[in-house]
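K.L.:
I'd like to ask some things about the structure below.
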Amino acid sequence: MQADLTMGNYASTLAFQSEDAALIAELQAGSEEAFAWLIARYHQPIFSLLARAVQDRSEAADLTQEVFVKIFRGVGSFHGESSLRTWIYRIALREASNQRRWWMRHRQPEIPIEQEMVESESGQPVLLKEMLVDPAESPYELAAREENRARVEAALSQVPEPYRTTMILRDIEGFIYEDVAEMQGVNLGTVKSRLVRGRAALKALLMAPTQKVFSPACPVSPACPAFDSPLREEAR
């Protein structure tokens with residue numbers, strides 16, 4: 001029985017690799033249909049990854065477009081050192097990292113949301129928060145109304161890097177440890193350590209009576225227990 005399962009898994013892996021190779025060949029040949037399929041398949045997962053990584057939906061949308069531009073331009077030099085999915089996510093993570101570094105260098109002083117602004121048409125002062133109200137709900141916002149998802153997302157956003165991204169890749173996106181290590185440029189031990197600390201921090205946040213600002217002491221504290229439940233069902 002075990003041998004049958006092993007052979008079945010092996011056959012599935014070979015089939016997947018064959019499909020991957022065929023898609024890569026079509027992309028490298030300049031197939032518009034293949035690239036359109038790639039966008040349809042990966043646009044939402046990449047956007048979700050970037051939205052969690054940079055915590056700004058408009059920035060994530062721009063970065064998602066840039067990721068696919070990089071894929072289109074770079075697929076010709078892709079030689080299959082990793083799976084196509086891993087390669088795509090690695091590009092996305094690099095863009096998110098570059099964006100965070102840019103923001104840290106160029107960020108402007110924050111404007112309080114209660115600050116009064118002058119509306120150009122009427123000349124009357126209005127609160128900034130009133131100017132930012134958008135009555136329409138996006139599909140993501142509609143889904144985020146689910147209580148468990150909202151709580152997990154709120155807590156996850158407070159887990160610092162690099163723990164948060166490691167958890168997203170492993171627990172939400174479902175990458176194996178080896179792929180996570182490759183995308184982040186670290187060894188397996190570092191990935192596992194980051195997962196233990198990140199899960200512990202997330203568990204502490206979820207168990208707290210109210211959501212609190214993350215304390216950097218938690219990930220390095222042996223007192224924080226590991227969070228073993230998968231996040232995919234709650235955070236996807």
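Labels used: A, B, ... for chains in the order of the structure tokens, numbers from 1 for residues in each chain, and numbers from 1 for ligands as shown.
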Report as CSV: every residue of stretch 141-178 of chain A with an atom at most 9 Å from stretch 86-95 of chain A, its closest pair of atoms, and their distance in Å to one decimal, counting only C-alpha atoms, with rows sorted by chain and ascending residue number.

P.N.:
residue,atom,partner,partner_atom,distance
A:Thr165,CA,A:Leu93,CA,8.5
A:Leu169,CA,A:Tyr89,CA,8.9
A:Phe175,CA,A:Thr86,CA,8.2

K.L.:
Suppose we keep N, CA and C atoms; can you now write the selection as a compact mmCIF listing (two decimals), in the first residue's frame?

P.N.:
# COMPACT_ATOMS: atom_id res chain seq x y z
N THR A 165 6.46 36.83 6.52
CA THR A 165 6.56 36.32 5.15
C THR A 165 6.81 34.82 5.14
N LEU A 169 4.30 32.13 3.27
CA LEU A 169 4.75 31.18 2.24
C LEU A 169 4.46 29.74 2.63
N PHE A 175 3.87 26.36 0.37
CA PHE A 175 5.16 25.94 -0.17
C PHE A 175 5.84 24.98 0.81

K.L.:
Find the residues near A:His79: any atom within 12 Å, counting only C-alpha atoms, skip ones fewer than 5 places away on the same chain, and give them as a list in words.

P.N.:
Asp20, Ala21, Ile24, Ala25, Gln28, Gly74, Leu84 and Trp87 of chain A

K.L.:
Check the smallest atom-to-atom distance from each of A:Ile46, A:Val186, A:Ile172, A:Val159 to A:Arg199 using only C-alpha atoms, then report the winner.

P.N.:
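Ranked by minimum distance to A:Arg199, first place goes to A:Val159.
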